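*Asks:* Dropping in query.txt, with compact mmCIF, C-alpha atoms.
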# COMPACT_ATOMS: atom_id res chain seq x y z
CA MET A 345 13.37 20.60 -6.18
CA THR A 346 16.18 22.00 -4.16
CA VAL A 347 18.78 20.01 -2.35
CA ASP A 348 17.19 21.00 0.99
CA ILE A 349 13.95 19.18 0.18
CA TYR A 350 15.82 15.97 -0.68
CA TRP A 351 17.91 16.35 2.46
CA ASN A 352 14.81 16.81 4.67
CA ILE A 353 12.99 13.85 3.11
CA ALA A 354 16.07 11.64 3.52
CA LEU A 355 16.74 12.75 7.08
CA ILE A 356 13.15 12.48 8.36
CA SER A 357 12.51 9.09 6.74
CA SER A 358 15.87 7.73 7.92
CA VAL A 359 15.06 8.78 11.49
CA LEU A 360 11.64 7.09 11.17
CA LEU A 361 13.33 3.90 9.90
CA GLY A 362 15.65 4.02 12.90
CA ILE A 363 12.70 4.39 15.27
CA ILE A 364 10.87 1.52 13.56
CA PHE A 365 14.00 -0.64 13.92
CA LEU A 366 14.32 0.18 17.63
CA LEU A 367 10.62 -0.53 18.21
CA SER A 368 10.99 -3.90 16.47
CA LEU A 369 13.76 -4.81 18.90
CA PHE A 370 11.16 -4.49 21.67
CA GLY A 371 8.60 -6.58 19.82
CA LEU A 372 6.45 -3.81 18.34
CA ASP A 373 5.97 -4.30 14.62
CA VAL A 374 4.56 -1.22 12.91
CA ASP A 375 3.73 -3.29 9.82
CA GLU A 376 1.12 -5.23 11.82
CA LEU A 377 -1.20 -2.27 11.29
CA GLU A 378 -3.86 -3.29 8.78
CA PHE A 379 -4.93 -1.02 5.95
CA GLU A 380 -8.15 -2.10 4.22
CA GLY A 381 -7.93 -2.72 0.50
CA PHE A 382 -4.15 -2.69 0.16
CA GLY A 383 -3.47 -6.41 0.77
CA ASP A 384 0.13 -7.61 0.64
CA SER A 385 1.16 -4.80 -1.74
CA PHE A 386 1.31 -2.16 1.03
CA SER A 387 3.78 -1.92 3.86
CA PHE A 388 4.35 1.09 6.08
CA ASN A 389 8.00 0.06 6.52
CA ALA A 390 8.50 -0.21 2.76
CA LEU A 391 6.84 3.19 2.26
CA ILE A 392 9.23 4.83 4.72
CA ALA A 393 12.12 3.01 3.01
CA PHE A 394 10.88 4.39 -0.35
CA PHE A 395 11.12 7.95 0.97
CA ALA A 396 14.52 7.32 2.56
CA VAL A 397 16.02 5.86 -0.61
CA ALA A 398 14.38 8.43 -2.89
CA GLY A 399 15.52 11.26 -0.60
CA TRP A 400 19.11 10.06 -0.37
CA THR A 401 19.23 9.36 -4.12
CA GLY A 402 17.96 12.88 -4.88
CA TYR A 403 20.33 14.48 -2.39
CA LEU A 404 23.38 12.60 -3.67
CA ALA A 405 22.46 13.09 -7.33
CA HIS A 406 21.98 16.83 -6.75
CA ASP A 407 25.22 17.09 -4.80
CA LYS A 408 27.50 14.80 -6.85
CA THR A 409 26.25 15.05 -10.46
CA ASP A 410 25.37 17.67 -13.05
CA MET A 411 21.93 16.16 -13.77
CA SER A 412 18.98 18.50 -14.29
CA GLY A 413 16.42 18.94 -11.52
CA THR A 414 13.74 17.05 -13.48
CA LEU A 415 16.06 14.13 -14.19
CA ILE A 416 17.08 14.00 -10.51
CA LEU A 417 13.41 13.94 -9.49
CA PHE A 418 12.54 11.08 -11.86
CA THR A 419 15.71 9.16 -10.95
CA SER A 420 15.06 9.42 -7.22
CA ILE A 421 11.42 8.35 -7.64
CA ALA A 422 12.42 5.43 -9.90
CA VAL A 423 15.08 4.20 -7.46
CA GLY A 424 12.60 4.60 -4.58
CA ILE A 425 9.96 2.56 -6.44
CA VAL A 426 12.45 -0.22 -7.21
CA PHE A 427 13.49 -0.32 -3.56
CA TYR A 428 9.82 -0.32 -2.46
CA ILE A 429 9.07 -3.32 -4.69
CA ILE A 430 12.13 -5.19 -3.40
CA SER A 431 11.12 -4.37 0.19
CA ILE A 432 7.56 -5.66 -0.32
CA TYR A 433 8.92 -8.85 -1.89
CA LEU A 434 11.37 -9.46 0.97
CA LEU A 435 8.81 -8.63 3.68
CA ASN A 436 6.31 -11.08 2.15
CA LYS A 437 9.03 -13.76 2.03
CA LEU A 438 9.79 -13.13 5.70
CA LYS A 439 6.10 -13.38 6.60
CA GLY A 440 6.07 -16.75 4.87
CA ILE A 441 8.63 -18.19 7.27
CA GLU A 442 6.88 -17.09 10.44
CA THR A 443 5.88 -19.93 12.72
CA LYS A 444 3.51 -19.97 15.64
CA GLY A 445 5.24 -22.85 17.43
CA ASN A 446 1.96 -24.62 18.16
CA VAL A 447 1.89 -28.18 16.89
CA THR A 448 -1.54 -29.68 16.30
CA ILE A 449 -1.38 -33.43 16.84
CA GLU A 450 -4.42 -33.96 14.59
CA ASN A 451 -2.20 -32.95 11.66
CA ALA A 452 -0.32 -36.25 12.12
CA ILE A 453 -3.26 -38.27 10.77
CA GLY A 454 -2.35 -39.56 7.30
CA LYS A 455 1.39 -39.05 7.84
CA THR A 456 4.04 -41.75 7.95
CA GLY A 457 6.65 -42.12 10.63
CA THR A 458 9.14 -44.55 12.08
CA VAL A 459 8.74 -46.57 15.28
CA TYR A 460 11.15 -45.22 17.89
CA LEU A 461 10.18 -47.51 20.79
CA THR A 462 8.47 -50.84 20.07
CA ILE A 463 4.69 -50.57 20.08
CA PRO A 464 2.97 -53.47 21.90
CA GLY A 465 0.18 -55.22 19.96
CA ASN A 466 -3.59 -55.08 20.48
CA GLN A 467 -3.44 -51.69 22.25
CA SER A 468 -2.00 -53.44 25.31
CA GLY A 469 0.52 -50.65 25.86
CA GLU A 470 2.20 -47.79 24.09
CA GLY A 471 5.38 -47.20 22.21
CA GLN A 472 6.70 -44.14 20.42
CA ILE A 473 7.01 -43.03 16.83
CA GLN A 474 8.90 -40.20 15.22
CA LEU A 475 7.53 -38.24 12.29
CA VAL A 476 7.98 -34.89 10.61
CA LEU A 477 5.06 -32.69 11.58
CA GLN A 478 4.66 -28.99 10.76
CA GLY A 479 8.30 -28.68 9.75
CA GLY A 480 9.94 -30.45 12.69
CA LEU A 481 10.79 -33.98 13.77
CA LYS A 482 8.41 -34.91 16.61
CA THR A 483 8.14 -37.94 18.91
CA TYR A 484 4.68 -39.11 20.00
CA SER A 485 3.17 -41.94 22.00
CA ALA A 486 1.51 -44.48 19.75
CA GLN A 487 -0.61 -47.61 19.93
CA THR A 488 -1.63 -50.24 17.41
CA LYS A 489 -4.61 -52.56 17.11
CA SER A 490 -2.52 -55.06 15.13
CA GLU A 491 0.47 -57.17 16.20
CA ALA A 492 3.42 -55.52 17.96
CA ILE A 493 5.48 -53.21 15.72
CA SER A 494 9.23 -53.22 16.24
CA THR A 495 11.65 -50.30 16.32
CA GLY A 496 12.60 -48.96 12.90
CA THR A 497 9.38 -50.05 11.16
CA LYS A 498 7.68 -47.49 8.96
CA VAL A 499 4.10 -46.81 10.12
CA LEU A 500 1.04 -44.86 8.98
CA VAL A 501 -0.93 -42.76 11.45
CA TYR A 502 -4.64 -43.39 10.83
CA ASP A 503 -6.36 -42.02 13.95
CA LEU A 504 -6.00 -40.44 17.36
CA SER A 505 -7.25 -41.97 20.62
CA HIS A 506 -6.91 -40.34 24.05
CA GLY A 507 -3.95 -38.23 22.94
CA LYS A 508 -2.10 -41.19 21.43
CA LEU A 509 -1.58 -41.85 17.76
CA LEU A 510 -3.09 -45.03 16.34
CA VAL A 511 -0.77 -46.55 13.76
CA GLU A 512 -0.44 -49.54 11.49
CA PRO A 513 2.56 -50.82 9.55
CA TYR A 514 2.93 -48.79 6.36
CA ASN A 515 2.65 -50.69 3.09
CA GLU A 516 4.07 -48.58 0.26
CA ASN A 517 2.38 -50.82 -2.34
CA LYS A 518 -1.19 -49.86 -1.29
Could you quickly redo this structure as structure tokens?
*Replies:*
Amino acid sequence: MTVDIYWNIALISSVLLGIIFLLSLFGLDVDELEFEGFGDSFSFNALIAFFAVAGWTGYLAHDKTDMSGTLILFTSIAVGIVFYIISIYLLNKLKGIETKGNVTIENAIGKTGTVYLTIPGNQSGEGQIQLVLQGGLKTYSAQTKSEAISTGTKVLVYDLSHGKLLVEPYNENK
């Protein structure tokens, strides 16, 4: 391969990466395109990054070293593959931290929390509890069928009634 081919591959793929970056600033993610049968092992962004890294590696190796053309080709492909694998790994890690922001109150059932505002007994009124739900500390209205539960008491959420959590004092020995 001549240096011009490496240069063209590097330049075109770098421009494409720049366009992809600018589009992502406006909320358009090219990687949201689905390709059947590839699963999490394929990413359009990582593929473009492969060509960019392989192209720049080939161009620089051709320009700055005395390596043979075959060795430059294999080196640029190897470096591109390594970068592709790293890109896929990092993109999958980033997908893992995406959140939708929607909290489903039903997910509180079975969780423990702490009474924030005293909960009157026998469902005669409502208090508040705080609990960690879907990765964040949340405060919800709560009622109890038992005696009043004072602030700071650990409680277990066992049901949901009219948008309010039903709780009982939590006994860790059960």
*Asks:* Restricting the calculation to only C-alpha atoms, which member of A:Glu450, A:Asp348, A:Asp410, A:Glu491 is positioned closest to Gln467 of chain A?
*Replies:* A:Glu491
*Asks:* Hey, could you make a per-residue contact list for segment 403-477 of chain A against segment 498-501 of chain A with 10 Å as the cut-off, showing the nearest pair of atoms and its distance in Å to one decimal, counting only C-alpha atoms, sorted by chain and number, as a Markdown table?
*Replies:*
| residue | atom | partner | partner_atom | distance |
| --- | --- | --- | --- | --- |
| A:Glu450 | CA | A:Val501 | CA | 10.0 |
| A:Asn451 | CA | A:Val501 | CA | 9.9 |
| A:Ala452 | CA | A:Val501 | CA | 6.6 |
| A:Ile453 | CA | A:Val501 | CA | 5.1 |
| A:Gly454 | CA | A:Val501 | CA | 5.4 |
| A:Lys455 | CA | A:Val501 | CA | 5.7 |
| A:Thr456 | CA | A:Leu500 | CA | 4.4 |
| A:Gly457 | CA | A:Val499 | CA | 5.4 |
| A:Thr458 | CA | A:Lys498 | CA | 4.5 |
| A:Val459 | CA | A:Lys498 | CA | 6.5 |
| A:Tyr460 | CA | A:Lys498 | CA | 9.8 |
| A:Ile473 | CA | A:Val499 | CA | 8.2 |
| A:Gln474 | CA | A:Val499 | CA | 9.6 |
| A:Leu475 | CA | A:Val499 | CA | 9.5 |
*Asks:* Rounded to one decimal in Å, what is the spacing between atom CA of Ser505 of chain A and atom CA of Gly479 of chain A?
*Replies:* 23.2 Å
*Asks:* To one decimal in Å, tell me the separation between atom CA of Tyr350 of chain A and atom CA of Gly413 of chain A.
*Replies:*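 According to the coordinates, atom CA of Tyr350 of chain A and atom CA of Gly413 of chain A are separated by 11.3 Å.
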*Asks:* Calculate how many Å separate atom CA of Tyr514 of chain A from atom CA of Leu477 of chain A, rounding to one decimal.
*Replies:*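 Distance between the two atoms: 17.1 Å.
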*Asks:* Just checking: using all atoms listed in the file, which residue out of A:Ser357, A:Ile449, A:Leu481, A:Ala492 ends up closest to Ser468 of chain A?
*Replies:* A:Ala492
*Asks:* My list of candidates is A:Asn517, A:Ser494, A:Ser368, A:Thr401. Which is closest to Ile425 of chain A when distances are computed with all atoms listed in the file?
*Replies:*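 Ranked by minimum distance to Ile425 of chain A, first place goes to A:Thr401.
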*Asks:* Hey, which of A:Gly496, A:Ile392, A:Thr346, A:Leu366 ends up closest to Ile416 of chain A? Count only C-alpha atoms.
*Replies:*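 Once distances to Ile416 of chain A are computed over only C-alpha atoms, the minimum belongs to A:Thr346.
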*Asks:* A:Val359, A:Leu509, A:Leu434, A:Leu415: which is nearest Phe395 of chain A, counting only C-alpha atoms?
*Replies:* A:Val359
*Asks:* Excluding Lys508 of chain A and any residue of its chain fewer than 5 positions from it, enumerate the residues within 7 Å of it, using only C-alpha atoms, and give them as a PyMOL selection string.
*Replies:* chain A and resi 485-487
*Asks:* Measuring between all atoms listed in the file, which one of A:Tyr484, A:Gly362, A:Ala405, A:Asn389 shows the shortest distance to Val347 of chain A?
*Replies:*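 For Val347 of chain A, the nearest of the candidates is A:Ala405.
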*Asks:* At a cut-off of 10 Å around the point (13.1, 0.7, -3.7) (file coordinates), what residues fall inside when counting all atoms listed in the file? I'd like the answer as a PDB file with C-alpha atoms, in the coordinates of the input.
*Replies:*
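Dumped everything to result.pdb:
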ATOM      1  CA  ALA A 390       8.500  -0.210   2.760  1.00  0.00           C
ATOM      2  CA  LEU A 391       6.840   3.190   2.260  1.00  0.00           C
ATOM      3  CA  ALA A 393      12.120   3.010   3.010  1.00  0.00           C
ATOM      4  CA  PHE A 394      10.880   4.390  -0.350  1.00  0.00           C
ATOM      5  CA  PHE A 395      11.120   7.950   0.970  1.00  0.00           C
ATOM      6  CA  ALA A 396      14.520   7.320   2.560  1.00  0.00           C
ATOM      7  CA  VAL A 397      16.020   5.860  -0.610  1.00  0.00           C
ATOM      8  CA  ALA A 398      14.380   8.430  -2.890  1.00  0.00           C
ATOM      9  CA  SER A 420      15.060   9.420  -7.220  1.00  0.00           C
ATOM     10  CA  ILE A 421      11.420   8.350  -7.640  1.00  0.00           C
ATOM     11  CA  ALA A 422      12.420   5.430  -9.900  1.00  0.00           C
ATOM     12  CA  VAL A 423      15.080   4.200  -7.460  1.00  0.00           C
ATOM     13  CA  GLY A 424      12.600   4.600  -4.580  1.00  0.00           C
ATOM     14  CA  ILE A 425       9.960   2.560  -6.440  1.00  0.00           C
ATOM     15  CA  VAL A 426      12.450  -0.220  -7.210  1.00  0.00           C
ATOM     16  CA  PHE A 427      13.490  -0.320  -3.560  1.00  0.00           C
ATOM     17  CA  TYR A 428       9.820  -0.320  -2.460  1.00  0.00           C
ATOM     18  CA  ILE A 429       9.070  -3.320  -4.690  1.00  0.00           C
ATOM     19  CA  ILE A 430      12.130  -5.190  -3.400  1.00  0.00           C
ATOM     20  CA  SER A 431      11.120  -4.370   0.190  1.00  0.00           C
ATOM     21  CA  ILE A 432       7.560  -5.660  -0.320  1.00  0.00           C
TER      22      ILE A 432
END
*Asks:* Compile the contact shell of Thr488 of chain A as a PyMOL selection string: residues with an atom at most 6 Å away, counting all atoms listed in the file, same-chain residues fewer than 2 positions apart removed.
*Replies:* chain A and resi 465+467+490+510-511
